[in-house]
Each structure stands twice: as structure tokens, then as C-alpha cells.
Amino acid sequence: MDGAGEIGSYTEWQPLREVVVGRVDGAAWPDWDLVDRATVPDEVRDGVVGLRGHWRSYPPEVIARAQACLDGLMSILRGEGVRVQRPDPFRHVAPYETPHWRVANGFCSANPRDVILTIGRTFVECPMAHRGRYFEALAYRRIMKDLMRRGALWISAPKPELTDALYDPEYRYPADAPDGVDDDWSKVDPDALRFITTEEEPVFDAADFVRCGRDIYGQRSQITNLAGIEWLRRLVEPEYRVHLIPTRCAGAYHIDTTFLPLAPGRALVSPNFVDVARLPAALKKWEILEAPAPRSTPLHLAGWMSDWISINVLSLDEKRVIVEREQEPLIAALRDWGFDPIPCAFKEHYSFMGGFHCATLDVYREGGLEDYS
């Protein structure tokens with residue numbers, strides 16, 4: 001692996017040549033963390049627990065079905081000439097603690113896009129707010145060492161303490177928040193939304209940001225606070241500009257179910273979660289593609305993920321886009337918009353809380369740093 005190929009990725013759409021694909025073996029159902037307790041409505045949690053039971057390790061049959069999805073994805077990627085890397089096996093079921101708290105187990109290595117943020121030739125290990133994901137980046141250490149030998153700048157953001165001060169004890173998920181694809185989310189005021197995380201210290205997930213050359217778009221969410229966004233802004237300025245997209249989703253976790261750029265000047269959005277009129281000025285000249293309503297995913301697979309996981313797609317270049325094969329409305333819309341959708345079965349991977357974008361991490365996309373605003 002040492003020295004093999006070029007590295008770097010500046011957008012979500014330049015031609016993909018090398019990627020990390022996550023793995024589901026060794027996964028554990030995440031410990032019921034402070035974040036989960038505050039942001040998942042009781043009826044949703046009770047429904048998921050009723051279907052799944054109180055798992056610790058994921059059952060072998062669930063892992064096998066998700067692995068079949070990953071095998072299909074990797075087959076497509078390799079068939080399109082993309083080099084695939086995998087994280088090392090990691091025992092997420094092990095308990096761990098810090099001087100401030102302990103958890104019964106970790107989560108999984110299924111979603112590298114959550115953990116590491118690629119900005120050009122810099123790879124940032126992110127300060128995640130979920131205690132059950134504190135050591136998740138360790139599964140990627142061999143890859144990160146290799147990338148450093150190949151010329152990457154490997155950075156780890158300040159490791160957060162995740163004390164109780166980071167989580168607002170008065171926070172309550174809004175009882176009147178919409179909970180369905182057909183609900184009227186336009187009544188939600190993004191400025192009125194509050195989140196479980198305070199500004200005690202910088203925290204963010206990589207999947208709360210997407211890259212468009214010199215412009216990086218992110219969102220304030222349950223696990224990304226303003227202090228984390230400011231830390232990232234200071235890291236990348238003046239070469240890059242960090243913009244915020246207001247979300248209307250009360251349970252916002254990651255931006256790639258809300259806003260995902262597909263090509264220069266073209267971005268896919270969930271009309272439920274985004275008020276197009278409030279997008280940053282840098283997107284004024286962009287064509288905003290409002291995704292059709294998604295085909296609903298069964299509760300036992302999606303858990304408390306939004307059905308808008310449908311737009312969590314992976315672009316191989318400006319035309320080819322990998323899409324869940326049962327999302328026929330989105331596949332048809334992408335064709336109408338001039339894209340070349342590549343259907344792939346992936347809904348069994350949703351038990352691990354990620355779609356195609358989550359389950360992959362750019363190592364190398366052809367092309368340099370450009371300005372698309």
C-alpha cells in the first residue's frame with residue numbers, strides 16, 4: 001500500500017479514483033448515550049427496541065445482509081476503476097471509560113465519512129460528540145499512516161472531554177416537530193431550533209460538511225456545535241471558506257441527508273429540511289435540485305434515520321451517481337436532470353446508520369482546487 005497512487009479530494013464530484021469503504025463486522029449497537037436519549041423521540045426508540053431487542057453485538061445475519069450490500073458497492077466501484085481500501089477489524093463491543101464517563105461499548109466502522117474529513121490533501125480526525133464513538137478513528141490508523149507516508153497532512157482535532165457540561169440537561173426534543181416525509185416542515189423556523197450540545201468545547205462529525213472546492217458547507221446539528229465549526233474555519237481559512245446551511249430538521253445529525261453537491265453548480269437537497277431561499281450567497285448561481293419524496297425504509301432497517309437517507313448518494317464523477325436501487329423516484333429524477341444513476345442495493349446497510357456517502361471516504365479524486373461560487 002505504501003506510496004500507491006495520488007491522494008487528495010476537493011469536491012464531492014470530481015472523478016473518484018481511490019476510496020475507503022467501511023466494514024460492518026465487529027459492530028455493536030451503540031450504548032444509549034446522552035445524545036440519543038435527548039434527540040430520539042421515545043415512541044421511535046421504543047419501536048426500534050421492540051423490533052431489534054436490546055442488542056449488544058449486531059446479530060450475524062444482520063451483519064451478513066449489510067456485508068452483501070457492501071460487496072455490491074465495492075464491485076461497482078472496482079468495475080468503474082476505483083481503488084478500494086478497508087479499515088482494519090476493530091472490536092467495538094469492548095467497554096471503555098475516561099476519567100469523566102464510561103460506556104458499555106462503541107459502535108462500528110461502517111461509516112468512515114462520519115469520522116474523517118478530507119479537505120484536499122489534509123485528512124482530519126474529527127472530535128465526535130457521541131461518547132460511543134470516541135475511539136472509532138482507531139480502525140483507520142493503518143490507512144492514515146499510509147496516507148501520511150504518501151504525502152498527506154494528517155490532523156487530529158482536539159480530543160474532546162465530553163463531560164456532562166457539553167450536553168444541555170434542559171434540552172427536550174420538540175414535541176411538535178414533524179416526523180414524516182409528507183409533513184409540512186416549512187413551518188419550522190431554523191433560528192428557533194435548539195440542540196443537545198452546548199458550546200463547552202469544539203465538537204463535530206465530518207459528515208456535517210460537504211466540499212465544493214474553495215467553499216465548504218456545513219450545518220449546526222445535534223453533534224456539531226458552533227465551536228467545532230469555528231475550529232474548522234480557523235484551520236482552513238483563508239484558502240477555504242466555511243458556510244452554514246440552516247436546517248429545519250429538529251433531529252439534524254449529518255448534512256448528507258439534507259444537502260449534497262453532485263456537480264459544479266448543481267446540488268441535491270431535501271425540500272423538507274432546506275429552505276432554498278436561505279441558502280448561502282455563495283450558492284446563488286447554483287441549480288438547486290429538490291429531491292422527490294423518498295420511498296420509505298422499514299423501521300427495523302432505518303431505525304431513527306430519516307427516510308431522506310435516500311439522497312445519501314455517492315458521485316463517481318459529474319454524471320455517474322450511485323443510488324439505492326429501490327429509490328425509483330430519485331433515480332428517475334436524476335436521469336431527467338442529466339445524470340447517470342447507478343442503482344445498488346443498500347437498504348440492509350441502513351441498520352448501521354449510513355448510506356453510500358456515509359459508508360465511503362474519499363482518498364483521491366482527480367482534479368485540483370477550484371472556485372465554484
# chains A, B, ... in the order shown; residues from 1 in each chain; ligands from 1

call {"tool": "select_by_dssp", "arguments": {"residues": "range 75-295 of chain A", "states": "strand (DSSP E)", "output": "CSV table (one decimal) with N, CA and C atoms, in the first residue's frame"}}
result
chain,number,residue,atom,x,y,z
A,83,ARG,N,-10.0,2.4,-6.9
A,83,ARG,CA,-9.2,1.6,-5.9
A,83,ARG,C,-9.9,1.6,-4.5
A,84,VAL,N,-10.1,0.5,-3.9
A,84,VAL,CA,-10.8,0.4,-2.6
A,84,VAL,C,-9.9,0.0,-1.5
A,85,GLN,N,-10.0,0.8,-0.4
A,85,GLN,CA,-9.3,0.4,0.8
A,85,GLN,C,-10.3,0.1,1.9
A,96,TYR,N,-15.4,0.9,27.5
A,96,TYR,CA,-14.2,1.8,27.8
A,96,TYR,C,-14.7,2.9,28.6
A,97,GLU,N,-13.7,3.6,29.2
A,97,GLU,CA,-14.0,4.8,30.0
A,97,GLU,C,-12.9,5.8,30.0
A,102,ARG,N,-18.1,6.5,31.3
A,102,ARG,CA,-17.8,5.2,30.7
A,102,ARG,C,-19.0,4.8,29.9
A,103,VAL,N,-18.8,4.0,28.9
A,103,VAL,CA,-19.8,3.4,28.0
A,103,VAL,C,-19.7,1.9,28.0
A,116,ILE,N,-13.7,11.0,9.6
A,116,ILE,CA,-12.6,11.7,9.0
A,116,ILE,C,-13.0,12.6,7.9
A,117,LEU,N,-12.5,13.8,7.9
A,117,LEU,CA,-12.9,14.8,6.9
A,117,LEU,C,-11.7,15.0,5.9
A,118,THR,N,-11.9,14.8,4.6
A,118,THR,CA,-10.9,15.0,3.6
A,118,THR,C,-11.1,16.4,3.1
A,119,ILE,N,-10.0,17.2,3.2
A,119,ILE,CA,-10.0,18.6,2.6
A,119,ILE,C,-8.7,18.7,1.8
A,122,THR,N,-5.4,17.1,3.1
A,122,THR,CA,-5.4,17.1,4.5
A,122,THR,C,-6.6,16.2,5.0
A,123,PHE,N,-6.3,15.3,6.0
A,123,PHE,CA,-7.3,14.4,6.5
A,123,PHE,C,-7.4,14.6,8.0
A,124,VAL,N,-8.6,15.0,8.4
A,124,VAL,CA,-8.8,15.5,9.8
A,124,VAL,C,-9.7,14.4,10.5
A,125,GLU,N,-9.1,13.9,11.6
A,125,GLU,CA,-9.8,13.1,12.6
A,125,GLU,C,-10.7,14.0,13.4
A,153,LEU,N,-1.3,15.5,4.9
A,153,LEU,CA,-1.2,16.1,6.2
A,153,LEU,C,-2.3,15.5,7.0
A,154,TRP,N,-1.9,14.8,8.1
A,154,TRP,CA,-2.8,14.1,9.0
A,154,TRP,C,-3.0,14.9,10.3
A,155,ILE,N,-4.2,15.3,10.5
A,155,ILE,CA,-4.5,16.2,11.7
A,155,ILE,C,-5.6,15.5,12.5
A,156,SER,N,-5.4,15.6,13.8
A,156,SER,CA,-6.5,15.2,14.7
A,156,SER,C,-7.0,16.5,15.5
A,209,PHE,N,-20.3,18.2,6.9
A,209,PHE,CA,-19.7,19.1,6.0
A,209,PHE,C,-19.6,18.4,4.6
A,210,VAL,N,-19.8,19.3,3.6
A,210,VAL,CA,-19.5,18.8,2.2
A,210,VAL,C,-18.6,19.8,1.5
A,211,ARG,N,-17.9,19.4,0.5
A,211,ARG,CA,-16.8,20.2,-0.1
A,211,ARG,C,-17.2,20.6,-1.5
A,212,CYS,N,-17.0,21.8,-1.8
A,212,CYS,CA,-17.2,22.3,-3.2
A,212,CYS,C,-16.0,23.2,-3.6
A,215,ASP,N,-15.2,26.3,-1.3
A,215,ASP,CA,-16.3,26.5,-0.4
A,215,ASP,C,-16.6,25.2,0.3
A,216,ILE,N,-16.7,25.2,1.6
A,216,ILE,CA,-17.1,24.1,2.4
A,216,ILE,C,-18.5,24.5,3.1
A,217,TYR,N,-19.5,23.6,2.9
A,217,TYR,CA,-20.8,23.9,3.5
A,217,TYR,C,-21.0,22.9,4.7
A,218,GLY,N,-21.5,23.5,5.8
A,218,GLY,CA,-21.8,22.7,7.0
A,218,GLY,C,-23.1,23.1,7.6
A,241,ARG,N,-13.4,28.7,2.4
A,241,ARG,CA,-14.5,29.5,3.1
A,241,ARG,C,-15.5,28.5,3.6
A,242,VAL,N,-15.8,28.6,4.9
A,242,VAL,CA,-16.8,27.7,5.5
A,242,VAL,C,-18.2,28.5,5.6
A,243,HIS,N,-19.2,27.9,5.1
A,243,HIS,CA,-20.6,28.5,5.1
A,243,HIS,C,-21.5,27.5,5.9
A,244,LEU,N,-22.5,28.1,6.5
A,244,LEU,CA,-23.5,27.3,7.2
A,244,LEU,C,-24.8,27.3,6.5
A,259,PHE,N,-28.3,18.2,2.1
A,259,PHE,CA,-27.7,19.0,1.1
A,259,PHE,C,-26.4,18.2,0.6
A,260,LEU,N,-26.4,17.9,-0.7
A,260,LEU,CA,-25.3,17.1,-1.3
A,260,LEU,C,-25.0,17.6,-2.7
A,261,PRO,N,-23.8,18.3,-2.9
A,261,PRO,CA,-23.4,18.7,-4.2
A,261,PRO,C,-23.1,17.5,-5.1
A,262,LEU,N,-23.6,17.6,-6.4
A,262,LEU,CA,-23.4,16.5,-7.3
A,262,LEU,C,-22.5,16.8,-8.5
A,263,ALA,N,-22.4,18.1,-8.8
A,263,ALA,CA,-21.6,18.6,-10.0
A,263,ALA,C,-21.3,20.1,-9.8
A,266,ARG,N,-24.4,22.5,-9.2
A,266,ARG,CA,-25.6,21.7,-9.1
A,266,ARG,C,-25.6,20.9,-7.7
A,267,ALA,N,-26.7,21.1,-6.9
A,267,ALA,CA,-26.7,20.4,-5.6
A,267,ALA,C,-28.1,19.8,-5.4
A,268,LEU,N,-28.1,18.6,-4.8
A,268,LEU,CA,-29.3,17.9,-4.5
A,268,LEU,C,-29.7,18.2,-3.0
A,269,VAL,N,-31.0,18.6,-2.8
A,269,VAL,CA,-31.4,18.9,-1.4
A,269,VAL,C,-32.7,18.2,-1.1
A,287,GLU,N,-27.8,25.6,-9.4
A,287,GLU,CA,-29.0,25.0,-9.7
A,287,GLU,C,-29.3,24.1,-8.5
A,288,ILE,N,-30.4,24.3,-7.8
A,288,ILE,CA,-30.8,23.5,-6.6
A,288,ILE,C,-31.8,22.5,-7.0
A,289,LEU,N,-31.5,21.2,-6.9
A,289,LEU,CA,-32.3,20.1,-7.4
A,289,LEU,C,-33.1,19.6,-6.1
A,290,GLU,N,-34.4,19.8,-6.1
A,290,GLU,CA,-35.2,19.3,-5.0
A,290,GLU,C,-35.5,17.9,-5.2

call {"tool": "residues_around", "arguments": {"residues": "Ile143 in chain A", "least_positions_apart": "2", "cutoff": "9 Å", "atoms": "only C-alpha atoms", "output": "number ranges by chain"}}
result
A: 1, 20, 85-88, 139-141, 145-148

call {"tool": "closest_residue", "arguments": {"among": "A:Asp275, A:Asp307, A:Asp189, A:Asp256", "to": "Ala206 in chain A", "atoms": "only C-alpha atoms"}}
result
A:Asp256

call {"tool": "select_by_dssp", "arguments": {"residues": "range 185-217 of chain A", "states": "helix (DSSP H, G or I)", "output": "list in words"}}
result
Trp185, Ser186, Lys187, Pro190, Asp191, Ala192, Ala206, Ala207 and Asp208 of chain A

call {"tool": "closest_residue", "arguments": {"among": "A:Val274, A:Leu138, A:Val203, A:Leu316", "to": "Pro190 in chain A", "atoms": "only C-alpha atoms"}}
result
A:Val274

call {"tool": "atom_distance", "arguments": {"atom1": "CA of Arg194 in chain A", "atom2": "CA of Ala359 in chain A"}}
result
28.0 Å

call {"tool": "residues_around", "arguments": {"residues": "Ser221 in chain A", "least_positions_apart": "2", "cutoff": "6 Å", "atoms": "only C-alpha atoms", "output": "number ranges by chain"}}
result
A: 223-224, 252-253

call {"tool": "write_last_selection", "arguments": {"atoms": "C-alpha atoms", "output": "JSON list (two decimals), in the first residue's frame"}}
result
[["chain", "number", "residue", "atom", "x", "y", "z"],
["A", 223, "ILE", "CA", -23.46, 16.62, 17.29],
["A", 224, "THR", "CA", -21.76, 19.60, 15.56],
["A", 252, "ALA", "CA", -30.29, 17.00, 12.47],
["A", 253, "TYR", "CA", -27.22, 14.79, 12.61]]

call {"tool": "atom_distance", "arguments": {"atom1": "CA of Asp183 in chain A", "atom2": "CA of Thr197 in chain A"}}
result
26.1 Å

call {"tool": "closest_residue", "arguments": {"among": "A:Ile255, A:Val40, A:Leu314, A:Ile245", "to": "Leu279 in chain A", "atoms": "only C-alpha atoms"}}
result
A:Ile245

call {"tool": "closest_residue", "arguments": {"among": "A:Arg113, A:Arg91, A:Arg23, A:Arg214", "to": "Gly368 in chain A", "atoms": "only C-alpha atoms"}}
result
A:Arg214

call {"tool": "residues_around", "arguments": {"residues": "Asp205 in chain A", "least_positions_apart": "2", "cutoff": "7 Å", "atoms": "only C-alpha atoms", "output": "mmCIF file with N, CA and C atoms, in the first residue's frame"}}
result
data_model
loop_
_atom_site.group_PDB
_atom_site.id
_atom_site.type_symbol
_atom_site.label_atom_id
_atom_site.label_comp_id
_atom_site.auth_asym_id
_atom_site.auth_seq_id
_atom_site.Cartn_x
_atom_site.Cartn_y
_atom_site.Cartn_z
ATOM 1 N N ASP A 114 -18.184 9.742 8.526
ATOM 2 C CA ASP A 114 -18.555 10.405 9.776
ATOM 3 C C ASP A 114 -17.335 10.832 10.576
ATOM 4 N N VAL A 115 -16.253 10.089 10.424
ATOM 5 C CA VAL A 115 -15.131 10.150 11.362
ATOM 6 C C VAL A 115 -13.989 11.023 10.866
ATOM 7 N N CYS A 126 -12.021 13.762 13.409
ATOM 8 C CA CYS A 126 -12.969 14.723 13.959
ATOM 9 C C CYS A 126 -13.261 14.474 15.444
ATOM 10 N N PRO A 127 -13.564 15.548 16.194
ATOM 11 C CA PRO A 127 -13.881 15.438 17.630
ATOM 12 C C PRO A 127 -15.360 15.142 17.820
ATOM 13 N N MET A 128 -15.735 13.883 17.766
ATOM 14 C CA MET A 128 -17.136 13.484 17.726
ATOM 15 C C MET A 128 -17.793 13.634 19.103
ATOM 16 N N ALA A 207 -19.306 14.250 8.661
ATOM 17 C CA ALA A 207 -20.455 14.163 7.767
ATOM 18 C C ALA A 207 -21.404 15.349 7.900
ATOM 19 N N ASP A 208 -21.063 16.323 8.726
ATOM 20 C CA ASP A 208 -21.824 17.566 8.761
ATOM 21 C C ASP A 208 -21.247 18.611 7.817
ATOM 22 N N ILE A 223 -24.805 17.074 16.912
ATOM 23 C CA ILE A 223 -23.461 16.624 17.285
ATOM 24 C C ILE A 223 -22.348 17.530 16.717
ATOM 25 N N THR A 224 -22.716 18.602 16.049
ATOM 26 C CA THR A 224 -21.758 19.596 15.564
ATOM 27 C C THR A 224 -22.162 20.954 16.129
#

call {"tool": "residues_around", "arguments": {"residues": "Asp168 in chain A", "least_positions_apart": "2", "cutoff": "10 Å", "atoms": "only C-alpha atoms", "output": "PyMOL selection string"}}
result
chain A and resi 34-35+38+164-166+170-172+194-200

call {"tool": "closest_residue", "arguments": {"among": "A:Val93, A:Ala110, A:Leu77, A:Met144", "to": "Ser57 in chain A", "atoms": "only C-alpha atoms"}}
result
A:Val93

call {"tool": "closest_residue", "arguments": {"among": "A:Met353, A:Ala177, A:Leu361, A:Ala64", "to": "Phe107 in chain A", "atoms": "only C-alpha atoms"}}
result
A:Met353

call {"tool": "residues_around", "arguments": {"residues": "Asp362 in chain A", "least_positions_apart": "5", "cutoff": "8 Å", "atoms": "only C-alpha atoms", "output": "VMD selection string"}}
result
chain A and resid 8 to 9 16 18 to 20 118

call {"tool": "atom_distance", "arguments": {"atom1": "CA of Val321 in chain A", "atom2": "CA of Pro292 in chain A"}}
result
16.0 Å
